[in-house]
Amino acid sequence: MPVYNLKINGKSHDVEADQDTPLLWVLRDHLDMVGTKFGCGIGQCGACTVHVDGSATRSCLLQVSMIKDMEITTIEGVSDDISHPVQQAWKEIDVPQCGYCQAGQIMSATAFLKQNSNPSKSEIRDAMSGNICRCASYNRIEKAVELAASKMS
């Protein structure tokens with residue numbers, strides 16, 4: 001089985017895995033980074049969202065053999081102490097109900113706000129539309145993204 005050297009959350013990790021193993025399972029099963037969640041396995045729900053070179057990416061669709069020399073950031077790498085403005089906004093607005101989708105939601109929001117620091121409500125809604133929340137916390141998610149944008153500016 002091949003060994004892959006992956007840069008995740010600023011650290012180098014050697015992982016032995018089949019070349020077609022999704023990054024999601026490398027993170028969860030090989031590296032015990034369980035903040036990234038399995039939702040659907042087909043890239044539709046957003047629960048498994050991570051950053052690949054700064055872009056929000058569905059880790060269930062990305063094979064480990066495809067990520068050579070790429071920088072991966074997971075929810076564990078957003079901040080050590082939950083001090084990122086998006087995380088703070090999530091707490092202030094009290095976004096989660098069940099919480100299952102929240103890591104993916106936060107990863108999508110942080111990537112989006114890095115690209116657009118002063119979004120309109122419709123831009124927030126469009127940017128977050130790829131992440132499903134089964135508890136339907138969409139209004140609180142949008143408010144948290146709005147608050148995070150104000151904190152970041």
# chains A, B, ... in the order shown; residues from 1 in each chain; ligands from 1
$ select_by_dssp --residues "range 18-150 of chain A" --states "strand (DSSP E or B)" --output "PyMOL selection string"
chain A and resi 22+49-52+55-58+63+71-73
$ residues_around --residues "Gln87 in chain A" --least-positions-apart "4" --cutoff "10 Å" --atoms "only C-alpha atoms" --output "PyMOL selection string"
chain A and resi 75+78-79+81-83+91-92+102-103+106-107+109-110+144-145+148
$ residues_around --residues "Val95 in chain A" --least-positions-apart "2" --cutoff "12 Å" --atoms "only C-alpha atoms" --output "MDAnalysis selection string"
chainID A and resid 86:93 97:103 105:106 133 135:145 147
$ closest_residue --among "A:Gln44, A:Asn118, A:Thr73, A:Asn5" --to "Leu61 in chain A" --atoms "only C-alpha atoms"
A:Gln44
$ select_by_dssp --residues "range 9-50 of chain A" --states "helix (DSSP H, G or I)" --output "number ranges by chain"
A: 23-30
$ atom_distance --atom1 "CA of Ile67 in chain A" --atom2 "CA of Ala47 in chain A"
19.4 Å
$ closest_residue --among "A:Asp53, A:Asp126, A:Asp29, A:Glu71" --to "Ile8 in chain A" --atoms "only C-alpha atoms"
A:Glu71
